[in-house]
Each structure stands twice: as structure tokens, then as C-alpha cells.
Amino acid sequence: MPLVDMQKIVKIYASGDVEVRALDAIDLTVHAGEFVAVIGPSGSGKSTLMNILGCLDRPTSGTYRLDGVDVSEMSANQRAEIRNSRLGFVYQNFNLLSRTTALENVELPLIYGQAPLSSRQRRELAREIIHRVGLDGREKHTPAQLSGGQQQRVAIARALITDPPVILADEPTGNLDTRTSREVMEIFERLNDEGKTVIIITHEHDIAAYAKRVVAFRDGKIVQDAPITERRRAQAVQP
Amino acid sequence: MTGLQRVVSILRIGMRAILRHKLRSFLTVLGIVIGVGCVITMVAIATGASKAIQSSINSLGSNFIMIFPGAVTQSGARIFTGQSSLTEDDAAAIKAECPSVAYVSAGARTSAQVVAGEENWGTQIQGADVDWPFIRAWNMAEGAFFTEGDVKSAAKVAVLGRTVADALFPQGGSLGQTIRIKNVPFRVVGVLEAKGGSQMGQDQDDVIIAPYTTLLKRLESHSHRLGVILVGAADPSLVPQAMGEIEALLRQRRRLQPGQDNDFMMRSQEEISSIASQSINTFSTLLGSVAAISLLVGGIGIMNIMLVSVTERTREIGIRMAVGAKGRDVLSQFLIEAVVLSLVGGGIGIGAGLLASRIIADSAGWPVEVTPGSIAMAFGTAALIGIFFGFYPARKASKLDPIEALRYE
């Protein structure tokens, strides 16, 4: 059974009298353990796909099964639970709470989770995850005191804390320099090696090259869906 | 997380948001502070005053009626002649002819510097009849009240209030001693029990009681006009009836025609107290309206700041929703913040109210009493205001679309 199973997903935005078909009958399946890059120019519908994949938005029509559960008809509260337990988010602009320590940022999803954890257990778990993304010693730093790369690691740690099967990343390296981008992508690579399913949205081909499969979007449609061979990856990563 | 943990962590988030903007938070709650402070002060004054009035009613005797000389109408002009319209015969007639009246004491008053040996003391001298202790419900501490014989013979005897006794005879032993009032020697025959202050803050024990006859003949210039007649009704419930009987009798004695005004005035103890409580009520009403307006303004202030806060923190709300916060989580977060804000305001307001009550008690001499009930009420009101005025902004926050909120700059 695929982890992500999208059938005939349509999303129409009505702006004034004009209807915009942001997604035009998309079929997309992602199996557990895959590392998928979704690429396409801006306006191609990839951000809309991300919002629907991430259960932030609902499709106009079509069905979306996440881990076997149909989430396309769920209420806002049900989708909040799915976001909390089944999905981890990483954004281009990090989206960390300002004036809040790294540790507390990482803990945040646990506050809204169903698991009965004491505050000490939450803290322990957050420390462990922060260690995994290599930020030991920065637990008490606020985002303003961290570099972009470090902030993105905090965001990745936050995405990991509820141990969701899927990690969604929307242009995760968009605000980072080349070297930091590589470090962040290596974290995603490692997570994928450890068994996490990773879906990345990007418009940069060298970032997409870290993935094992590339889905190309144009005008709300999938125009290409192909695996990346080891050779092509190596070429793209080391220019 | 369990419900309690959730509440605790939401409370912590709320406290942090408030502490982040200390000055803004303080200004926000100022209206609540003033409102709650007014409520506490108002209730303290009203409670203290009504207790004082109650106790002074009890101490004066609740069947107590005072008759004063009033304005007389002469040639159509309503004037106060200065010549009292009350006489000893009026007092005697009331005692003889009004069935609801148990005690009557003709009275007059003057004030003088009183000398005893080396000591002297300025005080008020009240002339009275032998019924006086029964009307005022006032017992003797030492000695005895003067007798009917003393009144008939205008004897130079005096009964001292506790304050006067202590002032003139610091060593004690005033009984049998001689005091001089306006150079007339008086023999001290008794000392009254201490009674304390009245509801107007006067010391009731600062008084000397002498036979009214003595006062009129020896201290005033042989007058037969009385300053006052004190009457004790046979029972507190008979006070209105006694007043009716007295009015009819006095009108008849003066041959007043229907339509002509009384040339005397009557006040019962209840009426005297109600005059005192009226001024306190006026003050309380004023404070109460200030309180209501402040609480309303304070509530609007909280709503305003919460709306600003929701807008400022749109992105934060988006982040929280993206990681799984439900509408009700966001709603309760902002609602709790509003309630915490207003409770902090309420707490400061209670402190301010206690302080204001103390200052009013000390400076105006009004009795005040802060009750636990008023503190609980103030706190409850503050919490309700937080919920009421915090609900709309909180609901607005909870209805945000996470995608839009995340995009908000």
C-alpha cells in the first residue's frame, strides 16, 4: 500500500470571475522510504500540491489517502491531528517561533499531540532530536541567535519530534547559501537512509538531484515522473 | 498531553506573551485596575458605613425621637426667629397625653470651657430630664443620674461623659468633686459608660449632662425655651405612631389651622441615620459608576490589545496550526491570555482598592470594612471581563486559515 496515494486531485482557486486550475487531475503515489523531489517553475502548482499533501488545504475534488486513511474529506480539526502525528514540515523561511528557544520550538508539536508526555519527557525527547540534527549546545538559543542553517536544523528537528512517517519540505534551501544547503540536504539524505519518506519541493535542479525520484510540474500537471540514477546524482552533486 | 498539562503549558505561553510587553500589558489593564479598585473601595465604604449606622442606631436606642423648634410663620413670611417654640409645658403635655410615648426629656444645650482644679476642658453641656438615660439607653459607670428633685430645684449637679471625666480628673475619683461651668460650681454625681464615636465621627462621650432646669436658669438667662425635646417611644414599632400623636398634640396646643406649617420639626433615629447613609450612598453610587465605566473601558482596552496581539502574532498562530494546533487550542490560548491579563489587573486593582479604603478611612474618618466577598466579586468580575472581551479576538485567531497565516509578513 502506498504511503501517499493521490487520485485525480483537482484544486480550483476562484479569483474574482476567473477560475484558476492550480492542480489539474493529479495522480501521485509515493511509497514508504522514497525520496521525492517535486520541481517546477513558480505557478506550476507545486505549492498547492504541498498544501494538500500537508493537509493544510483540501482538494476541490479527487481522493487523497495518507497512510491508508482518506484525508481529503476531513474536518479542520481532524487534519490538525494528522498534521501533528503523520507529517513533519520544513519551510523555506524556517517558520520558527521568535523569542522562543530552540528546545521549545522543537517541543512545540508535542504540546498539541495526543501522547501523554510529562514536560520532562518532552524535554528529553527534544534534546535527543536536537542532538540528531547536530545542534548540541544550542538548545537555549533563540532563532535570532542562530544562523540560517542552524535555524533550518531546528525546523527539521521539530518536524521529526512526533516521528511522522512523512517529511515535507517546501524549498528548504531557498534562504540558504550553497554550503549550508548541502549540509541541510545531507540531513534529509540521512533521514531517508534511516527509512523516512521525504518529499521536497524545489525549483533548483541540483537540490532535486539529492532525491531518488523527480516529479516535474507544469501548469498544474505532472509532465515528468522519473527515478534518478546514481550516476546522474553524482554529476549533479559535484559540479 | 493530558488536559491539565495542556492548560499549564497554555498558561505559560500566555504569561510569557504578557511579560514580553510589560508596559503595554500594564496600560491595557489600567481600566480594570481602576474599576476593581473602585468596586473594592465602594463596597468597603458601604459595608463600613452601614455597620456603623446599625451600631449607632443600637447605641442611641431605636425608639428615639427628637423634636426641634422650627421656623414660625409670621405675617406670611416664613422665618426662624431664634426664639424657640418648644416649652417645658410642651414636654409635660407630651408625657401626659401621648399613649405611645414612654419617656420624655426636655433638653437644651450649651458649650463651655469647664474647669476642675488645675485641669480645664472645652465641651458641650446638655440639659436633660430624668428620663434621659432611658431614652438614650445609656447606663452609668459610676455614681447615679440626678433625681427629679434635682430637676425641680435646678440643682447644680452634673453627670460626666467618660472623655470629660478622664480629661478633668486624670487620676480618677471625680465623684463628689466640684467643677466650674461658666463660673458656676457643679457637683459631680455620676459618670456615664463609655459609648464611643457616632456614625458622623463625633465622640459621644465628650459631654456633660445637667438638669435642663439648671441649664436654663443658671447658665442661660432664665429662659423657658427648650432647645430640644427627646422622646422615647414605648416600643421601636410605635415610633411612627408616637410621632403622629406628638404632631397632633403640638399642633393642637399651638392652635395651628389645617394648612399652616408646623413650627417644630421631628426626627426619629432612623431618619437621622438615613441622612448619614444618604451621603455615603451618594459617594458609593459615584464610585460605582466610575467602577462600571472603568471596567467597560478596561474590557474594551483588553479587546483592542488582544486584536492587535492576534494580528501581530498571525504567523505564530499559523506555525502552531501547521504543527497540529486545533482551533480550540488557539482559542483557549488567547482566551487564557485575556483572562490572565484581566486577573492581573484585578489583582493590582484589589491592592489599589485596599490602599484607597485605608486612605479614606484615615483621612475622612469614615469607617470602612473590606469584605472577602467583595474581593471574590472583584476577581470574578475581572475574569468575566477577560472572557467576555477576549472571546472575539480569540475566536478570530482560531478561525485563521493556516496557509494564509503562514504567509503573513
# chains A, B, ... in the order shown; residues from 1 in each chain; ligands from 1
call {"tool": "closest_atom_pairs", "arguments": {"of": "chain A", "to": "chain B", "cutoff": "6 Å", "atoms": "only C-alpha atoms", "output": "CSV"}}
result
residue,atom,partner,partner_atom,distance
A:Asn77,CA,B:Lys326,CA,5.5
A:Ala80,CA,B:Gly324,CA,4.4
A:Glu81,CA,B:Gly324,CA,5.6
A:Arg83,CA,B:Gly324,CA,5.4
A:Asn84,CA,B:Gly324,CA,4.3
A:Pro109,CA,B:Val323,CA,5.3
A:Tyr112,CA,B:Ala325,CA,5.5
A:Gln114,CA,B:Met1,CA,5.5
A:Ala115,CA,B:Met1,CA,5.5
A:Pro116,CA,B:Met1,CA,4.2
A:Leu117,CA,B:Met1,CA,5.8
call {"tool": "select_by_dssp", "arguments": {"residues": "stretch 78-262 of chain B", "states": "strand (DSSP E)", "output": "VMD selection string"}}
result
chain B and resid 78 to 79 101 to 116 119 to 128 140 to 143 157 to 160 178 to 181 184 to 192 207 to 211 228 to 233
call {"tool": "write_last_selection", "arguments": {"atoms": "C-alpha atoms", "output": "PDB file, in the first residue's frame"}}
result
ATOM      1  CA  ARG B  78     -41.578  82.018  56.935  1.00  0.00           C
ATOM      2  CA  ILE B  79     -38.784  82.927  59.311  1.00  0.00           C
ATOM      3  CA  VAL B 101     -44.653  57.740  74.424  1.00  0.00           C
ATOM      4  CA  ALA B 102     -42.849  56.189  77.366  1.00  0.00           C
ATOM      5  CA  TYR B 103     -40.160  58.759  78.165  1.00  0.00           C
ATOM      6  CA  VAL B 104     -39.798  62.496  77.669  1.00  0.00           C
ATOM      7  CA  SER B 105     -36.785  64.626  78.425  1.00  0.00           C
ATOM      8  CA  ALA B 106     -36.799  68.373  77.894  1.00  0.00           C
ATOM      9  CA  GLY B 107     -33.394  69.477  76.727  1.00  0.00           C
ATOM     10  CA  ALA B 108     -31.144  72.389  75.992  1.00  0.00           C
ATOM     11  CA  ARG B 109     -27.510  72.649  75.188  1.00  0.00           C
ATOM     12  CA  THR B 110     -24.648  74.993  75.543  1.00  0.00           C
ATOM     13  CA  SER B 111     -20.919  74.698  75.320  1.00  0.00           C
ATOM     14  CA  ALA B 112     -18.326  75.995  77.702  1.00  0.00           C
ATOM     15  CA  GLN B 113     -14.812  75.675  78.997  1.00  0.00           C
ATOM     16  CA  VAL B 114     -15.099  73.566  82.137  1.00  0.00           C
ATOM     17  CA  VAL B 115     -12.590  73.902  84.980  1.00  0.00           C
ATOM     18  CA  ALA B 116     -11.737  71.428  87.718  1.00  0.00           C
ATOM     19  CA  GLU B 119      -7.473  70.978  84.558  1.00  0.00           C
ATOM     20  CA  ASN B 120      -9.851  72.503  82.055  1.00  0.00           C
ATOM     21  CA  TRP B 121     -11.706  71.109  79.078  1.00  0.00           C
ATOM     22  CA  GLY B 122     -13.940  72.594  76.412  1.00  0.00           C
ATOM     23  CA  THR B 123     -17.075  70.529  75.978  1.00  0.00           C
ATOM     24  CA  GLN B 124     -20.786  70.509  75.373  1.00  0.00           C
ATOM     25  CA  ILE B 125     -23.238  70.703  78.239  1.00  0.00           C
ATOM     26  CA  GLN B 126     -26.591  69.086  77.657  1.00  0.00           C
ATOM     27  CA  GLY B 127     -29.586  69.832  79.820  1.00  0.00           C
ATOM     28  CA  ALA B 128     -31.836  66.834  80.367  1.00  0.00           C
ATOM     29  CA  MET B 140     -23.980  54.853  84.496  1.00  0.00           C
ATOM     30  CA  ALA B 141     -20.421  53.716  85.104  1.00  0.00           C
ATOM     31  CA  GLU B 142     -20.089  55.436  88.475  1.00  0.00           C
ATOM     32  CA  GLY B 143     -22.497  57.198  90.805  1.00  0.00           C
ATOM     33  CA  VAL B 157     -25.223  68.751  89.769  1.00  0.00           C
ATOM     34  CA  ALA B 158     -23.559  67.220  86.723  1.00  0.00           C
ATOM     35  CA  VAL B 159     -23.050  63.804  85.129  1.00  0.00           C
ATOM     36  CA  LEU B 160     -19.832  63.483  83.121  1.00  0.00           C
ATOM     37  CA  THR B 178     -16.663  70.246  92.097  1.00  0.00           C
ATOM     38  CA  ILE B 179     -16.328  71.513  88.541  1.00  0.00           C
ATOM     39  CA  ARG B 180     -16.936  75.063  87.340  1.00  0.00           C
ATOM     40  CA  ILE B 181     -19.046  75.686  84.249  1.00  0.00           C
ATOM     41  CA  VAL B 184     -20.941  78.234  88.330  1.00  0.00           C
ATOM     42  CA  PRO B 185     -19.818  75.399  90.615  1.00  0.00           C
ATOM     43  CA  PHE B 186     -21.365  71.977  89.908  1.00  0.00           C
ATOM     44  CA  ARG B 187     -21.063  68.806  91.945  1.00  0.00           C
ATOM     45  CA  VAL B 188     -20.260  65.646  90.013  1.00  0.00           C
ATOM     46  CA  VAL B 189     -22.845  62.999  90.863  1.00  0.00           C
ATOM     47  CA  GLY B 190     -22.114  60.373  88.191  1.00  0.00           C
ATOM     48  CA  VAL B 191     -20.063  59.268  85.224  1.00  0.00           C
ATOM     49  CA  LEU B 192     -21.615  57.713  82.108  1.00  0.00           C
ATOM     50  CA  VAL B 207     -20.390  65.631  77.031  1.00  0.00           C
ATOM     51  CA  ILE B 208     -21.658  66.809  80.415  1.00  0.00           C
ATOM     52  CA  ILE B 209     -25.285  66.200  81.373  1.00  0.00           C
ATOM     53  CA  ALA B 210     -27.009  68.530  83.853  1.00  0.00           C
ATOM     54  CA  PRO B 211     -30.682  69.116  84.768  1.00  0.00           C
ATOM     55  CA  VAL B 228     -34.905  70.142  72.048  1.00  0.00           C
ATOM     56  CA  ILE B 229     -37.276  67.596  73.473  1.00  0.00           C
ATOM     57  CA  LEU B 230     -36.137  63.989  73.465  1.00  0.00           C
ATOM     58  CA  VAL B 231     -38.832  61.353  73.397  1.00  0.00           C
ATOM     59  CA  GLY B 232     -38.638  57.602  73.817  1.00  0.00           C
ATOM     60  CA  ALA B 233     -41.463  55.623  72.243  1.00  0.00           C
TER      61      ALA B 233
END
call {"tool": "closest_residue", "arguments": {"among": "A:Asp206, A:Val4, A:Ala211, A:Asp170", "to": "A:Asp193", "atoms": "only C-alpha atoms"}}
result
A:Ala211
call {"tool": "atom_distance", "arguments": {"atom1": "atom CA of B:Gln252", "atom2": "atom CA of B:Ser100"}}
result
17.4 Å
call {"tool": "atom_distance", "arguments": {"atom1": "atom CA of B:Leu343", "atom2": "atom CA of B:Ile302"}}
result
11.4 Å
call {"tool": "closest_residue", "arguments": {"among": "A:Leu168, A:Leu160, A:Met185, A:Ala102", "to": "A:Lys140", "atoms": "only C-alpha atoms"}}
result
A:Ala102
call {"tool": "atom_distance", "arguments": {"atom1": "atom CA of A:Thr142", "atom2": "atom CA of A:Thr100"}}
result
5.4 Å
call {"tool": "residues_around", "arguments": {"residues": "A:Val215", "least_positions_apart": "3", "cutoff": "7 Å", "atoms": "only C-alpha atoms", "output": "PyMOL selection string"}}
result
chain A and resi 37-39+222+224-226
call {"tool": "write_last_selection", "arguments": {"atoms": "N, CA and C atoms", "output": "mmCIF file, in the first residue's frame"}}
result
data_model
loop_
_atom_site.group_PDB
_atom_site.id
_atom_site.type_symbol
_atom_site.label_atom_id
_atom_site.label_comp_id
_atom_site.auth_asym_id
_atom_site.auth_seq_id
_atom_site.Cartn_x
_atom_site.Cartn_y
_atom_site.Cartn_z
ATOM 1 N N ALA A 37 11.589 14.510 -5.150
ATOM 2 C CA ALA A 37 11.694 15.950 -5.360
ATOM 3 C C ALA A 37 10.616 16.374 -6.340
ATOM 4 N N VAL A 38 9.843 17.386 -5.979
ATOM 5 C CA VAL A 38 8.844 17.946 -6.884
ATOM 6 C C VAL A 38 9.419 19.241 -7.414
ATOM 7 N N ILE A 39 9.636 19.316 -8.722
ATOM 8 C CA ILE A 39 10.209 20.537 -9.289
ATOM 9 C C ILE A 39 9.247 21.170 -10.282
ATOM 10 N N ILE A 222 1.472 16.957 -13.981
ATOM 11 C CA ILE A 222 2.768 16.298 -13.907
ATOM 12 C C ILE A 222 3.250 16.054 -15.329
ATOM 13 N N GLN A 224 6.567 15.065 -15.941
ATOM 14 C CA GLN A 224 7.619 14.060 -15.928
ATOM 15 C C GLN A 224 7.660 13.431 -14.553
ATOM 16 N N ASP A 225 7.881 12.112 -14.473
ATOM 17 C CA ASP A 225 7.995 11.426 -13.184
ATOM 18 C C ASP A 225 8.989 10.299 -13.377
ATOM 19 N N ALA A 226 10.246 10.517 -12.920
ATOM 20 C CA ALA A 226 11.277 9.532 -13.242
ATOM 21 C C ALA A 226 12.249 9.366 -12.092
#
call {"tool": "residues_around", "arguments": {"residues": "A:Arg190", "least_positions_apart": "6", "cutoff": "12 Å", "atoms": "only C-alpha atoms", "output": "mmCIF file with N, CA and C atoms, in the first residue's frame"}}
result
data_model
loop_
_atom_site.group_PDB
_atom_site.id
_atom_site.type_symbol
_atom_site.label_atom_id
_atom_site.label_comp_id
_atom_site.auth_asym_id
_atom_site.auth_seq_id
_atom_site.Cartn_x
_atom_site.Cartn_y
_atom_site.Cartn_z
ATOM 1 N N GLY A 33 9.632 5.134 2.334
ATOM 2 C CA GLY A 33 11.064 5.058 2.099
ATOM 3 C C GLY A 33 11.542 5.796 0.874
ATOM 4 N N PHE A 35 12.382 9.075 -1.645
ATOM 5 C CA PHE A 35 12.904 10.439 -1.503
ATOM 6 C C PHE A 35 12.544 11.146 -2.801
ATOM 7 N N ARG A 132 20.408 14.759 17.181
ATOM 8 C CA ARG A 132 20.425 14.066 15.888
ATOM 9 C C ARG A 132 20.690 15.005 14.721
ATOM 10 N N VAL A 133 20.241 16.269 14.826
ATOM 11 C CA VAL A 133 20.500 17.202 13.733
ATOM 12 C C VAL A 133 21.773 18.009 13.982
ATOM 13 N N GLU A 183 24.672 20.976 3.467
ATOM 14 C CA GLU A 183 24.593 20.360 4.805
ATOM 15 C C GLU A 183 23.158 19.950 5.130
ATOM 16 N N VAL A 184 22.218 20.856 4.817
ATOM 17 C CA VAL A 184 20.815 20.563 5.122
ATOM 18 C C VAL A 184 20.327 19.390 4.287
ATOM 19 N N LYS A 196 12.974 7.272 6.575
ATOM 20 C CA LYS A 196 11.893 8.265 6.473
ATOM 21 C C LYS A 196 11.572 8.531 5.008
ATOM 22 N N THR A 197 10.276 8.754 4.758
ATOM 23 C CA THR A 197 9.861 9.171 3.430
ATOM 24 C C THR A 197 10.001 10.694 3.372
ATOM 25 N N VAL A 198 10.708 11.183 2.353
ATOM 26 C CA VAL A 198 10.949 12.628 2.265
ATOM 27 C C VAL A 198 10.407 13.140 0.939
ATOM 28 N N TYR A 210 19.431 15.484 -5.079
ATOM 29 C CA TYR A 210 19.640 14.672 -3.870
ATOM 30 C C TYR A 210 18.578 13.591 -3.745
ATOM 31 N N ALA A 211 17.419 13.813 -4.410
ATOM 32 C CA ALA A 211 16.317 12.871 -4.299
ATOM 33 C C ALA A 211 16.580 11.647 -5.168
#
call {"tool": "closest_residue", "arguments": {"among": "A:Ser72, A:Thr60, A:His131, A:Leu146", "to": "A:Arg99", "atoms": "only C-alpha atoms"}}
result
A:Leu146
